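Colleague: To be precise about what I am sending: the file is called coords.cif and holds mmCIF, C-alpha atoms.
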```
data_model
loop_
_atom_site.group_PDB
_atom_site.id
_atom_site.type_symbol
_atom_site.label_atom_id
_atom_site.label_comp_id
_atom_site.auth_asym_id
_atom_site.auth_seq_id
_atom_site.Cartn_x
_atom_site.Cartn_y
_atom_site.Cartn_z
ATOM 1 C CA MET F 18 -50.003 10.118 -19.127
ATOM 2 C CA ALA F 19 -50.016 12.148 -15.917
ATOM 3 C CA ILE F 20 -47.733 11.955 -12.928
ATOM 4 C CA SER F 21 -48.768 12.585 -9.367
ATOM 5 C CA SER F 22 -46.333 12.196 -6.448
ATOM 6 C CA GLY F 23 -44.215 9.601 -8.218
ATOM 7 C CA ILE F 24 -47.143 7.211 -8.924
ATOM 8 C CA PHE F 25 -48.131 6.685 -12.548
ATOM 9 C CA PHE F 26 -51.716 6.421 -13.691
ATOM 10 C CA SER F 27 -53.439 6.567 -17.005
ATOM 11 C CA THR F 28 -55.481 9.637 -17.965
ATOM 12 C CA SER F 29 -57.818 7.453 -19.996
ATOM 13 C CA SER F 30 -59.044 5.788 -16.797
ATOM 14 C CA PRO F 31 -62.121 7.485 -15.301
ATOM 15 C CA ARG F 32 -60.852 6.692 -11.805
ATOM 16 C CA THR F 33 -58.302 8.735 -9.920
ATOM 17 C CA LEU F 34 -55.941 7.423 -7.347
ATOM 18 C CA SER F 35 -56.667 8.141 -3.739
ATOM 19 C CA PHE F 36 -53.587 8.449 -1.597
ATOM 20 C CA PHE F 37 -55.484 7.939 1.624
ATOM 21 C CA LYS F 38 -57.565 4.853 0.800
ATOM 22 C CA PRO F 39 -56.076 2.987 -2.161
ATOM 23 C CA SER F 40 -58.457 0.604 -3.856
ATOM 24 C CA PRO F 41 -57.272 -2.738 -5.279
ATOM 25 C CA THR F 42 -57.908 -1.534 -8.847
ATOM 26 C CA SER F 43 -55.850 1.638 -8.354
ATOM 27 C CA LEU F 44 -52.768 -0.481 -7.802
ATOM 28 C CA LEU F 45 -53.310 -2.149 -11.185
ATOM 29 C CA VAL F 46 -53.591 1.197 -12.963
ATOM 30 C CA ALA F 47 -50.263 2.392 -11.490
ATOM 31 C CA VAL F 48 -48.208 0.501 -14.132
ATOM 32 C CA PRO F 49 -47.340 2.749 -17.122
ATOM 33 C CA PRO F 50 -47.883 1.493 -20.664
ATOM 34 C CA LEU F 51 -44.851 0.511 -22.733
ATOM 35 C CA GLY F 52 -43.105 3.364 -24.523
ATOM 36 C CA ALA F 53 -44.622 6.026 -22.279
ATOM 37 C CA ASN F 54 -42.582 9.128 -21.526
ATOM 38 C CA LEU F 55 -41.755 8.756 -17.840
ATOM 39 C CA ARG F 56 -40.572 11.334 -15.362
ATOM 40 C CA THR F 57 -38.895 10.483 -12.111
ATOM 41 C CA LEU F 58 -39.403 12.569 -9.025
ATOM 42 C CA ARG F 59 -36.549 12.542 -6.560
ATOM 43 C CA THR F 60 -36.742 13.308 -2.909
ATOM 44 C CA VAL F 61 -33.589 14.633 -1.308
ATOM 45 C CA THR F 62 -33.070 13.871 2.373
ATOM 46 C CA TYR F 63 -30.422 15.362 4.616
ATOM 47 C CA ALA F 64 -28.874 13.931 7.754
ATOM 48 C CA ALA F 65 -29.369 15.965 10.885
ATOM 49 C CA VAL F 66 -26.218 17.454 12.399
ATOM 50 C CA SER F 67 -26.016 17.354 16.172
ATOM 51 C CA SER F 68 -25.795 20.770 17.752
ATOM 52 C CA SER F 69 -23.456 19.647 20.545
ATOM 53 C CA SER F 70 -20.129 19.470 18.706
ATOM 54 C CA SER F 71 -18.265 20.036 21.962
ATOM 55 C CA SER F 72 -19.511 16.726 23.390
ATOM 56 C CA SER F 73 -18.073 14.746 20.463
ATOM 57 C CA SER F 74 -14.661 16.383 20.853
ATOM 58 C CA SER F 75 -14.640 15.612 24.581
ATOM 59 C CA GLN F 76 -15.300 11.935 23.804
ATOM 60 C CA GLN F 77 -12.219 11.876 21.580
ATOM 61 C CA GLN F 78 -10.087 13.375 24.343
ATOM 62 C CA GLU F 79 -11.295 10.766 26.860
ATOM 63 C CA ARG F 80 -10.266 7.835 24.649
ATOM 64 C CA ARG F 81 -7.155 6.211 26.042
ATOM 65 C CA PRO F 82 -5.007 3.548 24.396
ATOM 66 C CA ARG F 83 -5.957 -0.039 25.168
ATOM 67 C CA GLY F 84 -4.518 -3.480 24.535
ATOM 68 C CA ILE F 85 -1.155 -3.568 22.775
ATOM 69 C CA MET F 86 -1.225 0.217 22.350
ATOM 70 C CA LYS F 87 -1.344 0.857 26.116
ATOM 71 C CA PRO F 88 2.019 1.675 27.724
ATOM 72 C CA ARG F 89 3.091 -1.011 30.193
ATOM 73 C CA PRO F 90 6.002 -1.130 32.619
ATOM 74 C CA VAL F 91 8.887 -3.264 31.347
ATOM 75 C CA SER F 92 11.747 -5.182 32.949
ATOM 76 C CA PRO F 93 15.115 -3.441 33.465
ATOM 77 C CA GLU F 94 16.697 -5.480 30.610
ATOM 78 C CA MET F 95 13.979 -4.392 28.203
ATOM 79 C CA ALA F 96 14.140 -0.789 29.469
ATOM 80 C CA GLU F 97 17.876 -0.724 28.703
ATOM 81 C CA LEU F 98 17.267 -1.795 25.107
ATOM 82 C CA VAL F 99 14.189 0.310 24.287
ATOM 83 C CA GLY F 100 15.157 3.345 26.364
ATOM 84 C CA ALA F 101 11.939 3.667 28.387
ATOM 85 C CA SER F 102 10.569 2.181 31.587
ATOM 86 C CA GLU F 103 7.002 2.178 30.221
ATOM 87 C CA ILE F 104 6.260 1.530 26.555
ATOM 88 C CA PRO F 105 3.480 0.051 24.408
ATOM 89 C CA ARG F 106 4.144 -3.415 23.031
ATOM 90 C CA THR F 107 4.010 -2.133 19.437
ATOM 91 C CA GLN F 108 6.664 0.501 20.077
ATOM 92 C CA ALA F 109 8.884 -2.019 21.875
ATOM 93 C CA LEU F 110 8.807 -4.302 18.813
ATOM 94 C CA LYS F 111 9.637 -1.351 16.571
ATOM 95 C CA ARG F 112 12.642 -0.392 18.694
ATOM 96 C CA ILE F 113 13.892 -3.988 18.842
ATOM 97 C CA TRP F 114 13.697 -4.224 15.050
ATOM 98 C CA ALA F 115 15.439 -0.853 14.729
ATOM 99 C CA HIS F 116 18.257 -2.225 16.938
ATOM 100 C CA ILE F 117 18.462 -5.346 14.773
ATOM 101 C CA LYS F 118 18.652 -3.318 11.540
ATOM 102 C CA GLU F 119 21.140 -0.746 12.893
ATOM 103 C CA ASN F 120 23.556 -3.427 14.075
ATOM 104 C CA ASN F 121 23.025 -5.693 11.042
ATOM 105 C CA LEU F 122 22.026 -8.660 13.214
ATOM 106 C CA GLN F 123 20.055 -10.616 10.603
ATOM 107 C CA ASP F 124 21.660 -13.771 9.260
ATOM 108 C CA PRO F 125 22.920 -12.888 5.732
ATOM 109 C CA GLU F 126 21.902 -16.286 4.307
ATOM 110 C CA ASN F 127 18.485 -16.480 5.997
ATOM 111 C CA LYS F 128 16.984 -13.075 6.827
ATOM 112 C CA LYS F 129 14.307 -14.758 8.974
ATOM 113 C CA ILE F 130 16.909 -15.516 11.646
ATOM 114 C CA VAL F 131 18.241 -12.867 14.019
ATOM 115 C CA VAL F 132 21.731 -13.370 15.456
ATOM 116 C CA CYS F 133 21.607 -12.010 19.015
ATOM 117 C CA ASP F 134 24.132 -9.580 20.448
ATOM 118 C CA GLU F 135 24.602 -9.121 24.219
ATOM 119 C CA LYS F 136 21.578 -6.800 24.635
ATOM 120 C CA LEU F 137 19.269 -9.143 22.754
ATOM 121 C CA LYS F 138 20.567 -12.205 24.623
ATOM 122 C CA LYS F 139 19.391 -10.593 27.883
ATOM 123 C CA ILE F 140 15.886 -10.262 26.485
ATOM 124 C CA PHE F 141 15.684 -13.556 24.571
ATOM 125 C CA GLY F 142 16.838 -15.784 27.417
ATOM 126 C CA GLY F 143 20.497 -16.170 26.429
ATOM 127 C CA ARG F 144 19.731 -17.625 22.988
ATOM 128 C CA ASP F 145 22.316 -17.098 20.241
ATOM 129 C CA SER F 146 19.778 -16.874 17.422
ATOM 130 C CA VAL F 147 16.025 -16.318 17.223
ATOM 131 C CA GLY F 148 13.488 -16.662 14.416
ATOM 132 C CA PHE F 149 11.712 -13.423 13.630
ATOM 133 C CA LEU F 150 8.319 -14.965 14.419
ATOM 134 C CA GLU F 151 9.520 -15.880 17.922
ATOM 135 C CA ILE F 152 10.397 -12.306 18.916
ATOM 136 C CA ALA F 153 6.857 -11.258 19.854
ATOM 137 C CA GLY F 154 6.469 -14.258 22.147
ATOM 138 C CA LEU F 155 9.871 -13.892 23.754
ATOM 139 C CA ILE F 156 9.298 -10.283 24.858
ATOM 140 C CA THR F 157 6.018 -11.116 26.647
ATOM 141 C CA PRO F 158 7.609 -11.948 30.036
ATOM 142 C CA HIS F 159 9.367 -8.556 30.035
ATOM 143 C CA PHE F 160 6.023 -6.671 30.211
ATOM 144 C CA LEU F 161 5.182 -6.430 33.894
ATOM 145 C CA LYS F 162 1.630 -6.354 35.174
#
```
Please express the file's structure as structure tokens.
Modeller:
Amino acid sequence: MAISSGIFFSTSSPRTLSFFKPSPTSLLVAVPPLGANLRTLRTVTYAAVSSSSSSSSSQQQERRPRGIMKPRPVSPEMAELVGASEIPRTQALKRIWAHIKENNLQDPENKKIVVCDEKLKKIFGGRDSVGFLEIAGLITPHFLK
């Protein structure tokens, strides 16, 4: 059994395989007999590395936050609570939850309910208690466009 470029052919066959013009019978001979000692040839390929590494770093510097990560101006009531006049929505939610945890404003019997203090009442429309799933919707009007 002989191996040539990863294609198997029998040495007992008088024909040789042509790599440029394969004949229909050469494809039939390419199957090795059972129990034959087979070798596998591996071809290693490498990805090309771009030579302009400075252009990829400049693209990363140009990327600015978008969507809920973009800082937006907030109402004066919200600015008083979060401590900033412009803040991303995600950070505002974090600071509201930090205020809730620091002041122990969760209902002890049902942790899903937040009991509002004076600062939170300004933001949540004067409500005495708010469900934790409502908080994200109630802060929306405080983000100015």
Colleague: Between atom CA of Lys138 of chain F and atom CA of Arg83 of chain F, what is the distance, to one decimal in Å?
Modeller: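 Atom-to-atom, atom CA of Lys138 of chain F and atom CA of Arg83 of chain F are spaced 29.2 Å apart.
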Colleague: Fewer than 6 positions away in the same chain doesn't count, so skip those; otherwise give me all residues within 6 Å of Ser146 of chain F, counting only C-alpha atoms, as a count of residues only.
Modeller: 3
Colleague: Written as a list in words, what is the full residue list that the PyMOL selection byres ((chain F and resi 90-103) around 9) yields on the file shown?
Modeller: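 Output of the PyMOL selection byres ((chain F and resi 90-103) around 9): Pro88, Arg89, Ile104, Pro105, Gln108, Ala109, Leu110, Arg112, Ile113, His116, Lys136, Leu137, Lys139, Ile140, Ile156, Pro158, His159, Phe160, Leu161 and Lys162 of chain F.
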Colleague: Just checking: using only C-alpha atoms, which residue out of F:Ala65, F:Ala115, F:Lys87, F:Phe141 ends up closest to Thr157 of chain F?
Modeller: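 Result for the nearest residue to Thr157 of chain F: F:Phe141.
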Colleague: Rank nothing, just name the residue among F:Trp114, F:Glu135, F:Asn121, F:Val61 nearest to Ile152 of chain F, using only C-alpha atoms.
Modeller: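 With only C-alpha atoms as the atom set, the closest residue is F:Trp114.
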Colleague: Counting only C-alpha atoms, which residues come within 9 Å of (12.4, -14.3, 5.9), with the point read in the file's coordinates, and could you list them as a PyMOL selection string?
Modeller: chain F and resi 127-130+148-149
Colleague: What gap, in Å, lies between atom CA of Asp134 of chain F and atom CA of Ala153 of chain F?
Modeller: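 It comes out at 17.4 Å.
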Colleague: For the atom pair atom CA of Val147 of chain F and atom CA of Asn120 of chain F, what is the interatomic distance in Å to one decimal place?
Modeller: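 Calculated distance between atom CA of Val147 of chain F and atom CA of Asn120 of chain F is 15.3 Å.
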Colleague: Which centre and which edge lengths, in Å to one decimal, describe the axis-aligned box that holds all listed atoms of segment 83-91 of chain F after 5 Å is added on each side, as AutoDock Vina command-line options?
Modeller:
```
--center_x 1.5 --center_y -0.9 --center_z 27.5 --size_x 24.8 --size_y 15.2 --size_z 20.3
```
